[in-house]
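Engineer: The following file, run.cif, comprises mmCIF, C-alpha atoms (C1' of nucleotides):
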```cif
data_data
loop_
_atom_site.group_PDB
_atom_site.id
_atom_site.type_symbol
_atom_site.label_atom_id
_atom_site.label_comp_id
_atom_site.auth_asym_id
_atom_site.auth_seq_id
_atom_site.Cartn_x
_atom_site.Cartn_y
_atom_site.Cartn_z
ATOM 1 C CA MET H 1 99.775 79.283 105.240
ATOM 2 C CA PRO H 2 99.518 76.573 107.828
ATOM 3 C CA GLU H 3 98.290 73.256 106.445
ATOM 4 C CA LEU H 4 98.303 69.854 108.108
ATOM 5 C CA PRO H 5 102.120 69.541 108.476
ATOM 6 C CA GLU H 6 102.482 73.036 109.924
ATOM 7 C CA VAL H 7 99.599 72.570 112.362
ATOM 8 C CA GLU H 8 100.930 69.142 113.389
ATOM 9 C CA THR H 9 104.374 70.654 113.997
ATOM 10 C CA VAL H 10 102.838 73.284 116.253
ATOM 11 C CA ARG H 11 100.738 70.644 118.023
ATOM 12 C CA ARG H 12 103.764 68.501 118.830
ATOM 13 C CA ALA H 13 105.568 71.472 120.367
ATOM 14 C CA LEU H 14 102.493 72.724 122.189
ATOM 15 C CA GLU H 15 101.585 69.371 123.745
ATOM 16 C CA PRO H 16 104.322 69.246 126.421
ATOM 17 C CA VAL H 17 103.954 72.985 127.033
ATOM 18 C CA LEU H 18 100.232 72.940 127.718
ATOM 19 C CA THR H 19 99.342 69.507 129.037
ATOM 20 C CA GLY H 20 98.588 69.654 132.761
ATOM 21 C CA ARG H 21 98.902 73.444 132.855
ATOM 22 C CA ARG H 22 96.197 75.783 134.100
ATOM 23 C CA LEU H 23 95.298 78.964 132.195
ATOM 24 C CA VAL H 24 95.617 81.677 134.813
ATOM 25 C CA ARG H 25 95.074 84.738 132.642
ATOM 26 C CA VAL H 26 93.754 85.158 129.110
ATOM 27 C CA GLU H 27 93.867 88.377 127.103
ATOM 28 C CA ILE H 28 92.119 88.629 123.758
ATOM 29 C CA ALA H 29 93.101 91.815 121.960
ATOM 30 C CA ASP H 30 91.110 91.410 118.750
ATOM 31 C CA SER H 31 87.357 90.951 118.816
ATOM 32 C CA ARG H 32 87.426 89.363 115.382
ATOM 33 C CA LEU H 33 89.316 86.367 116.803
ATOM 34 C CA VAL H 34 86.286 85.199 118.788
ATOM 35 C CA ARG H 35 83.414 86.872 116.949
ATOM 36 C CA PRO H 36 80.448 86.869 117.429
ATOM 37 C CA LEU H 37 81.242 86.518 121.153
ATOM 38 C CA GLU H 38 82.825 89.271 123.223
ATOM 39 C CA PRO H 39 86.571 88.938 123.978
ATOM 40 C CA LEU H 40 86.080 89.522 127.708
ATOM 41 C CA GLN H 41 83.447 86.828 127.876
ATOM 42 C CA VAL H 42 85.630 84.275 126.074
ATOM 43 C CA ALA H 43 88.671 85.158 128.192
ATOM 44 C CA ALA H 44 86.614 84.662 131.346
ATOM 45 C CA GLU H 45 85.419 81.279 130.091
ATOM 46 C CA LEU H 46 88.997 80.101 129.534
ATOM 47 C CA GLU H 47 90.586 81.369 132.747
ATOM 48 C CA GLY H 48 90.948 78.598 135.294
ATOM 49 C CA GLU H 49 90.714 75.748 132.791
ATOM 50 C CA ARG H 50 93.351 72.998 133.013
ATOM 51 C CA VAL H 51 94.632 71.386 129.804
ATOM 52 C CA ALA H 52 94.057 67.656 129.418
ATOM 53 C CA ALA H 53 95.369 67.162 125.871
ATOM 54 C CA VAL H 54 96.461 68.944 122.689
ATOM 55 C CA GLU H 55 95.195 67.348 119.500
ATOM 56 C CA ARG H 56 94.844 68.118 115.794
ATOM 57 C CA ARG H 57 92.116 67.411 113.274
ATOM 58 C CA GLY H 58 92.717 68.617 109.720
ATOM 59 C CA LYS H 59 94.070 72.141 110.122
ATOM 60 C CA TYR H 60 92.415 72.659 113.514
ATOM 61 C CA LEU H 61 94.352 72.666 116.774
ATOM 62 C CA ILE H 62 92.271 71.254 119.624
ATOM 63 C CA VAL H 63 93.044 72.124 123.229
ATOM 64 C CA ARG H 64 91.032 69.781 125.422
ATOM 65 C CA PHE H 65 90.363 70.806 129.008
ATOM 66 C CA GLU H 66 89.748 68.609 132.025
ATOM 67 C CA SER H 67 86.293 70.185 132.195
ATOM 68 C CA ALA H 68 85.541 68.480 128.836
ATOM 69 C CA ARG H 69 85.316 71.848 127.177
ATOM 70 C CA SER H 70 87.693 72.498 124.309
ATOM 71 C CA LEU H 71 89.329 75.402 122.532
ATOM 72 C CA LEU H 72 89.419 75.073 118.760
ATOM 73 C CA ILE H 73 92.150 77.158 117.112
ATOM 74 C CA HIS H 74 92.391 77.693 113.354
ATOM 75 C CA LEU H 75 95.458 79.602 112.143
ATOM 76 C CA ARG H 76 94.054 80.223 108.644
ATOM 77 C CA MET H 77 96.541 82.225 106.587
ATOM 78 C CA THR H 78 98.888 84.058 108.911
ATOM 79 C CA GLY H 79 98.219 82.811 112.431
ATOM 80 C CA SER H 80 101.108 81.601 114.575
ATOM 81 C CA LEU H 81 101.777 80.719 118.214
ATOM 82 C CA ARG H 82 104.829 81.461 120.334
ATOM 83 C CA HIS H 83 105.844 80.199 123.755
ATOM 84 C CA ALA H 84 108.262 81.934 126.117
ATOM 85 C CA PRO H 85 108.717 82.911 129.771
ATOM 86 C CA ALA H 86 106.166 85.515 130.801
ATOM 87 C CA GLY H 87 106.941 88.992 129.576
ATOM 88 C CA THR H 88 109.937 88.040 127.414
ATOM 89 C CA LEU H 89 108.246 88.140 124.002
ATOM 90 C CA ALA H 90 108.940 91.382 122.142
ATOM 91 C CA ASP H 91 106.106 93.835 121.611
ATOM 92 C CA ASP H 92 104.156 92.900 118.533
ATOM 93 C CA PRO H 93 101.441 95.017 116.914
ATOM 94 C CA HIS H 94 99.945 91.859 115.419
ATOM 95 C CA ARG H 95 99.552 90.003 118.691
ATOM 96 C CA ARG H 96 95.898 89.076 119.050
ATOM 97 C CA ALA H 97 95.889 87.069 122.273
ATOM 98 C CA VAL H 98 98.104 85.984 125.162
ATOM 99 C CA VAL H 99 97.568 83.106 127.591
ATOM 100 C CA ARG H 100 99.462 83.105 130.904
ATOM 101 C CA LEU H 101 100.115 79.596 132.229
ATOM 102 C CA ASP H 102 100.503 78.529 135.866
ATOM 103 C CA ASP H 103 104.201 77.789 135.327
ATOM 104 C CA GLY H 104 104.931 81.440 134.610
ATOM 105 C CA SER H 105 105.144 81.206 130.830
ATOM 106 C CA ASP H 106 103.123 82.828 128.059
ATOM 107 C CA VAL H 107 101.608 81.448 124.880
ATOM 108 C CA ALA H 108 101.059 84.324 122.457
ATOM 109 C CA TYR H 109 98.947 84.303 119.311
ATOM 110 C CA ARG H 110 99.958 86.475 116.339
ATOM 111 C CA ASP H 111 97.900 86.952 113.178
ATOM 112 C CA VAL H 112 98.676 89.703 110.677
ATOM 113 C CA ARG H 113 95.621 89.272 108.492
ATOM 114 C CA ARG H 114 93.187 88.356 111.239
ATOM 115 C CA PHE H 115 91.578 85.410 109.483
ATOM 116 C CA GLY H 116 92.298 83.033 112.351
ATOM 117 C CA THR H 117 89.652 81.976 114.863
ATOM 118 C CA TRP H 118 89.436 80.772 118.451
ATOM 119 C CA LEU H 119 86.261 78.943 119.386
ATOM 120 C CA VAL H 120 85.326 77.603 122.813
ATOM 121 C CA LEU H 121 83.122 74.523 122.560
ATOM 122 C CA GLU H 122 81.091 73.007 125.374
ATOM 123 C CA PRO H 123 81.247 69.287 126.190
ATOM 124 C CA GLY H 124 79.744 67.283 123.341
ATOM 125 C CA GLU H 125 79.956 70.070 120.780
ATOM 126 C CA LEU H 126 83.398 69.287 119.374
ATOM 127 C CA ALA H 127 82.708 66.024 117.542
ATOM 128 C CA PRO H 128 79.655 67.228 115.612
ATOM 129 C CA TYR H 129 81.342 70.542 114.819
ATOM 130 C CA LEU H 130 84.276 68.756 113.202
ATOM 131 C CA ALA H 131 82.216 65.984 111.624
ATOM 132 C CA MET H 132 80.158 68.402 109.538
ATOM 133 C CA ARG H 133 83.238 70.181 108.234
ATOM 134 C CA LEU H 134 85.950 67.567 107.801
ATOM 135 C CA GLY H 135 86.494 64.371 105.850
ATOM 136 C CA PRO H 136 88.996 61.682 106.874
ATOM 137 C CA GLU H 137 92.543 62.300 108.050
ATOM 138 C CA PRO H 138 94.898 61.678 105.115
ATOM 139 C CA LEU H 139 97.523 60.113 107.395
ATOM 140 C CA GLY H 140 94.966 57.947 109.174
ATOM 141 C CA PRO H 141 93.669 54.537 108.068
ATOM 142 C CA LEU H 142 92.400 55.904 104.762
ATOM 143 C CA THR H 143 92.846 53.455 101.901
ATOM 144 C CA ALA H 144 93.398 54.382 98.267
ATOM 145 C CA ALA H 145 90.134 52.663 97.392
ATOM 146 C CA ARG H 146 88.130 54.767 99.850
ATOM 147 C CA LEU H 147 89.736 57.963 98.591
ATOM 148 C CA ALA H 148 89.029 56.903 95.003
ATOM 149 C CA ALA H 149 85.379 56.379 95.943
ATOM 150 C CA ARG H 150 85.230 59.980 97.156
ATOM 151 C CA PHE H 151 86.819 61.224 93.941
ATOM 152 C CA ALA H 152 84.303 59.237 91.873
ATOM 153 C CA ARG H 153 81.423 61.405 93.123
ATOM 154 C CA ARG H 154 83.050 64.671 92.092
ATOM 155 C CA ARG H 155 83.239 66.262 88.659
ATOM 156 C CA ALA H 156 85.209 69.282 89.883
ATOM 157 C CA PRO H 157 88.948 69.552 89.139
ATOM 158 C CA ILE H 158 91.053 67.219 91.293
ATOM 159 C CA LYS H 159 92.881 70.250 92.681
ATOM 160 C CA ALA H 160 89.612 71.773 93.929
ATOM 161 C CA VAL H 161 88.528 68.431 95.354
ATOM 162 C CA LEU H 162 91.785 68.049 97.296
ATOM 163 C CA LEU H 163 91.265 71.528 98.769
ATOM 164 C CA ASP H 164 87.744 70.602 99.909
ATOM 165 C CA GLN H 165 88.175 69.739 103.595
ATOM 166 C CA ARG H 166 85.120 67.463 103.477
ATOM 167 C CA THR H 167 86.864 65.246 100.942
ATOM 168 C CA LEU H 168 90.108 65.081 102.882
ATOM 169 C CA ALA H 169 91.069 67.059 105.994
ATOM 170 C CA GLY H 170 94.237 69.116 106.108
ATOM 171 C CA VAL H 171 95.455 69.550 102.518
ATOM 172 C CA GLY H 172 95.880 73.169 101.432
ATOM 173 C CA ASN H 173 97.161 74.925 98.356
ATOM 174 C CA ILE H 174 100.839 74.071 98.747
ATOM 175 C CA TYR H 175 100.545 70.368 99.497
ATOM 176 C CA ALA H 176 97.819 69.883 96.870
ATOM 177 C CA ASP H 177 100.142 71.139 94.121
ATOM 178 C CA GLU H 178 103.063 69.116 95.455
ATOM 179 C CA ALA H 179 100.996 65.925 95.673
ATOM 180 C CA LEU H 180 99.658 66.279 92.121
ATOM 181 C CA TRP H 181 103.189 66.846 90.817
ATOM 182 C CA TYR H 182 104.396 63.609 92.422
ATOM 183 C CA ALA H 183 101.300 61.784 91.188
ATOM 184 C CA GLY H 184 101.751 63.060 87.641
ATOM 185 C CA VAL H 185 98.126 64.166 87.507
ATOM 186 C CA HIS H 186 97.040 67.460 85.906
ATOM 187 C CA PRO H 187 95.253 69.679 88.468
ATOM 188 C CA LEU H 188 92.346 70.360 86.098
ATOM 189 C CA ARG H 189 91.517 66.681 85.614
ATOM 190 C CA PRO H 190 87.939 66.028 86.815
ATOM 191 C CA ALA H 191 88.272 63.975 90.017
ATOM 192 C CA ALA H 192 85.716 61.455 88.801
ATOM 193 C CA GLY H 193 87.748 60.905 85.643
ATOM 194 C CA LEU H 194 90.779 59.469 87.439
ATOM 195 C CA ASP H 195 91.215 55.723 87.035
ATOM 196 C CA GLY H 196 92.073 53.499 89.985
ATOM 197 C CA GLU H 197 95.784 53.674 89.324
ATOM 198 C CA GLU H 198 95.777 57.477 89.167
ATOM 199 C CA ALA H 199 93.687 57.813 92.314
ATOM 200 C CA ALA H 200 96.105 55.465 94.074
ATOM 201 C CA ARG H 201 99.021 57.640 92.965
ATOM 202 C CA VAL H 202 97.275 60.741 94.336
ATOM 203 C CA HIS H 203 96.586 58.908 97.609
ATOM 204 C CA ARG H 204 100.220 57.851 97.941
ATOM 205 C CA SER H 205 101.525 61.292 96.935
ATOM 206 C CA VAL H 206 99.319 63.190 99.373
ATOM 207 C CA ARG H 207 100.581 61.036 102.223
ATOM 208 C CA ARG H 208 104.150 61.351 101.009
ATOM 209 C CA VAL H 209 104.182 65.165 100.873
ATOM 210 C CA LEU H 210 102.363 65.567 104.186
ATOM 211 C CA ARG H 211 104.819 63.240 105.937
ATOM 212 C CA ALA H 212 107.742 65.088 104.328
ATOM 213 C CA GLY H 213 106.238 68.388 105.494
ATOM 214 C CA ILE H 214 106.011 67.138 109.071
ATOM 215 C CA GLU H 215 109.604 65.832 108.953
ATOM 216 C CA ARG H 216 110.753 69.242 107.720
ATOM 217 C CA GLN H 217 108.693 70.971 110.409
ATOM 218 C CA GLY H 218 106.544 72.740 107.869
ATOM 219 C CA ALA H 219 107.065 75.250 105.078
ATOM 220 C CA SER H 220 107.913 78.826 106.064
ATOM 221 C CA LEU H 221 107.137 81.279 103.281
ATOM 222 C CA ARG H 222 105.855 84.416 104.973
ATOM 223 C CA ASP H 223 104.325 84.084 108.407
ATOM 224 C CA TYR H 224 104.455 80.494 109.580
ATOM 225 C CA VAL H 225 106.890 79.806 112.420
ATOM 226 C CA GLN H 226 107.197 77.105 115.029
ATOM 227 C CA LEU H 227 106.486 77.628 118.723
ATOM 228 C CA ASP H 228 110.068 78.806 119.327
ATOM 229 C CA GLY H 229 110.005 81.194 116.367
ATOM 230 C CA ALA H 230 112.145 79.055 114.056
ATOM 231 C CA GLY H 231 111.040 78.358 110.494
ATOM 232 C CA GLY H 232 110.467 75.015 108.805
ATOM 233 C CA THR H 233 112.417 73.879 105.752
ATOM 234 C CA MET H 234 109.806 72.216 103.552
ATOM 235 C CA GLN H 235 109.907 75.210 101.181
ATOM 236 C CA ASP H 236 113.342 73.977 100.050
ATOM 237 C CA GLU H 237 111.696 70.785 98.788
ATOM 238 C CA PHE H 238 108.990 72.316 96.611
ATOM 239 C CA ARG H 239 108.725 70.699 93.184
ATOM 240 C CA ALA H 240 105.826 72.758 91.811
ATOM 241 C CA TYR H 241 104.403 75.339 94.230
ATOM 242 C CA GLY H 242 105.595 78.856 93.451
ATOM 243 C CA ARG H 243 108.056 77.698 90.777
ATOM 244 C CA GLU H 244 106.556 79.275 87.657
ATOM 245 C CA GLY H 245 109.082 79.252 84.793
ATOM 246 C CA GLU H 246 111.616 77.099 86.644
ATOM 247 C CA PRO H 247 112.563 73.730 85.119
ATOM 248 C CA CYS H 248 110.677 70.686 86.340
ATOM 249 C CA ASP H 249 112.938 68.544 88.549
ATOM 250 C CA ARG H 250 111.834 65.448 86.628
ATOM 251 C CA CYS H 251 111.782 66.481 82.965
ATOM 252 C CA GLY H 252 113.120 70.037 82.724
ATOM 253 C CA ALA H 253 109.993 71.559 81.185
ATOM 254 C CA PRO H 254 109.134 74.987 82.624
ATOM 255 C CA ILE H 255 106.600 74.865 85.456
ATOM 256 C CA GLU H 256 103.368 76.651 84.526
ATOM 257 C CA LYS H 257 100.895 78.582 86.638
ATOM 258 C CA ILE H 258 97.113 78.722 86.301
ATOM 259 C CA ARG H 259 94.187 79.524 88.601
ATOM 260 C CA ILE H 260 91.850 76.844 89.947
ATOM 261 C CA ALA H 261 89.142 77.445 92.541
ATOM 262 C CA GLY H 262 90.527 80.958 92.945
ATOM 263 C CA ARG H 263 93.947 79.625 93.990
ATOM 264 C CA GLY H 264 97.303 79.872 92.267
ATOM 265 C CA THR H 265 98.141 76.431 90.874
ATOM 266 C CA TRP H 266 101.571 75.292 89.674
ATOM 267 C CA TYR H 267 102.215 72.137 87.669
ATOM 268 C CA CYS H 268 104.489 70.573 85.059
ATOM 269 C CA PRO H 269 102.786 70.587 81.626
ATOM 270 C CA HIS H 270 104.844 67.576 80.550
ATOM 271 C CA CYS H 271 104.737 65.291 83.617
ATOM 272 C CA GLN H 272 101.110 66.176 84.361
ATOM 273 C CA PRO H 273 99.405 65.804 80.955
ATOM 274 C CA SER H 274 96.543 68.128 80.104
ATOM 275 C CA PRO H 275 93.003 66.757 80.408
ATOM 276 C CA GLY H 276 91.824 68.569 77.272
ATOM 277 C "C1'" DC Y 1 72.387 68.148 95.489
ATOM 278 C "C1'" DT Y 2 77.163 70.192 93.332
ATOM 279 C "C1'" DT Y 3 80.088 73.848 91.836
ATOM 280 C "C1'" DT Y 4 81.600 78.564 91.476
ATOM 281 C "C1'" DT Y 5 82.142 83.147 93.149
ATOM 282 C "C1'" DT Y 6 82.574 86.667 96.655
ATOM 283 C "C1'" DC Y 7 84.173 88.211 100.843
ATOM 284 C "C1'" DC Y 8 87.085 88.831 104.776
ATOM 285 C "C1'" DC Y 9 91.991 91.070 105.952
ATOM 286 C "C1'" DT Y 10 96.888 93.115 105.652
ATOM 287 C "C1'" DG Y 11 101.401 93.804 103.804
ATOM 288 C "C1'" DG Y 12 104.603 93.339 100.217
ATOM 289 C "C1'" DA Y 13 105.700 93.870 95.294
ATOM 290 C "C1'" DC Y 14 105.227 96.523 91.374
ATOM 291 C "C1'" DG Y 15 104.270 100.336 87.887
ATOM 292 C "C1'" DC Y 16 104.059 105.097 87.191
ATOM 293 C "C1'" DT G 1 108.239 109.459 97.908
ATOM 294 C "C1'" DG G 2 103.821 108.145 97.373
ATOM 295 C "C1'" DC G 3 100.110 106.649 95.429
ATOM 296 C "C1'" DG G 4 96.985 102.897 93.048
ATOM 297 C "C1'" DT G 5 96.609 98.068 91.862
ATOM 298 C "C1'" DC G 6 97.327 93.293 92.292
ATOM 299 C "C1'" DC G 7 98.361 89.175 94.778
ATOM 300 C "C1'" DA G 8 98.733 85.741 98.630
ATOM 301 C "C1'" DG G 9 94.401 81.977 100.233
ATOM 302 C "C1'" DG G 10 91.116 78.956 104.211
ATOM 303 C "C1'" DG G 11 86.723 78.685 104.808
ATOM 304 C "C1'" DA G 12 81.934 80.800 105.440
ATOM 305 C "C1'" DA G 13 78.378 82.346 102.861
ATOM 306 C "C1'" DA G 14 76.020 83.535 98.855
ATOM 307 C "C1'" DA G 15 75.110 82.790 94.089
ATOM 308 C "C1'" DA G 16 74.555 79.934 90.101
#
```
Go ahead and render the structure in this file as structure tokens.
Structural biologist:
Amino acid sequence: MPELPEVETVRRALEPVLTGRRLVRVEIADSRLVRPLEPLQVAAELEGERVAAVERRGKYLIVRFESARSLLIHLRMTGSLRHAPAGTLADDPHRRAVVRLDDGSDVAYRDVRRFGTWLVLEPGELAPYLAMRLGPEPLGPLTAARLAARFARRRAPIKAVLLDQRTLAGVGNIYADEALWYAGVHPLRPAAGLDGEEAARVHRSVRRVLRAGIERQGASLRDYVQLDGAGGTMQDEFRAYGREGEPCDRCGAPIEKIRIAGRGTWYCPHCQPSPG
DNA sequence: CTTTTTCCCTGGACGC
DNA sequence: TGCGTCCAGGGAAAAA
């Protein structure tokens, strides 16, 4: 499940591959990828474009073209990208799109569960599209005080608030649980109920786990792989996520699992004291 | 306005 | 072996 560190890892690998390259042929094999537009129409729009830059905002990959158009890619749950010389990637029933570059290589998009999306935006459309969906970048110039101010307006559980992309862009289920474990904050605590010290710990912990995730080139559980097909190693560092019944690395108490906002949530009942 | 729930989608794990 | 059921979850949309 690609979150900010996984998407950033892909972006860093994709940048030297795509920048300056022209898209000479685009095949979109799954109409759901570009719905409600037609695959042939979207492919035709992309063919001939030359890449100016590869950026990331939250969990979105942004391919900027010299034409000032952009392609917005969201991997959602099971999307992944691969890069290889043309024709060398093995047949894959889950391949949803392939882009042929003018250097004779292919970038292929795979997505088992078909939640991912590709969206072509015209000049001027990108900024407002992202602005209405995303809050600040957690690794940008966001201060603890500004994050605390966002928490103060929300009565929902801190876990749900961290997953809300308008509060903070790029945190998903894994890194939310990891950050709250490091912060020592129970995931059900109402966000507005955190004091300044606790909010500062969440701020610091979110940045810590995201940076660690990037250093480890992401967490590979099921489908996420890097551009060359290799996995990341952040899953070896998990303190809470997916560790139900295992001893907490800090105090030894068994990690517990609950559901918040429809998502599995793991935490230490001793280090992260219950709100009730 | 905020918050919660439902839906999309497939494959793997599990019980019988 | 082969079913039926549950689970994984990001974000849009609907419901509360």
Engineer: Distance cut-off 12 Å, counting all atoms listed in the file - which residues of chain G neighbour chain H? Return them as a ChimeraX atom specification.
Structural biologist: /G:7-12
Engineer: With a cut-off of 9 Å and counting all atoms listed in the file, select all residues of chain H in contact with chain Y and give the selection as a ChimeraX atom specification.
Structural biologist: /H:112-115,154-156,261-262
Engineer: Determine the residue membership of the PyMOL selection byres ((chain H and resi 201) around 9) for the file above and supply it as number ranges by chain.
Structural biologist: H: 144, 179-180, 182-185, 196-200, 202-206
Engineer: So how far away is atom CA of H:Asp106 from atom CA of H:Phe65, in Å?
Structural biologist: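 Calculated distance between atom CA of H:Phe65 and atom CA of H:Asp106 is 17.6 Å.
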Engineer: For a test of reading the model, state the distance in Å between atom CA of H:Ser31 and atom CA of H:Ala230, rounded to one decimal.
Structural biologist: 27.9 Å
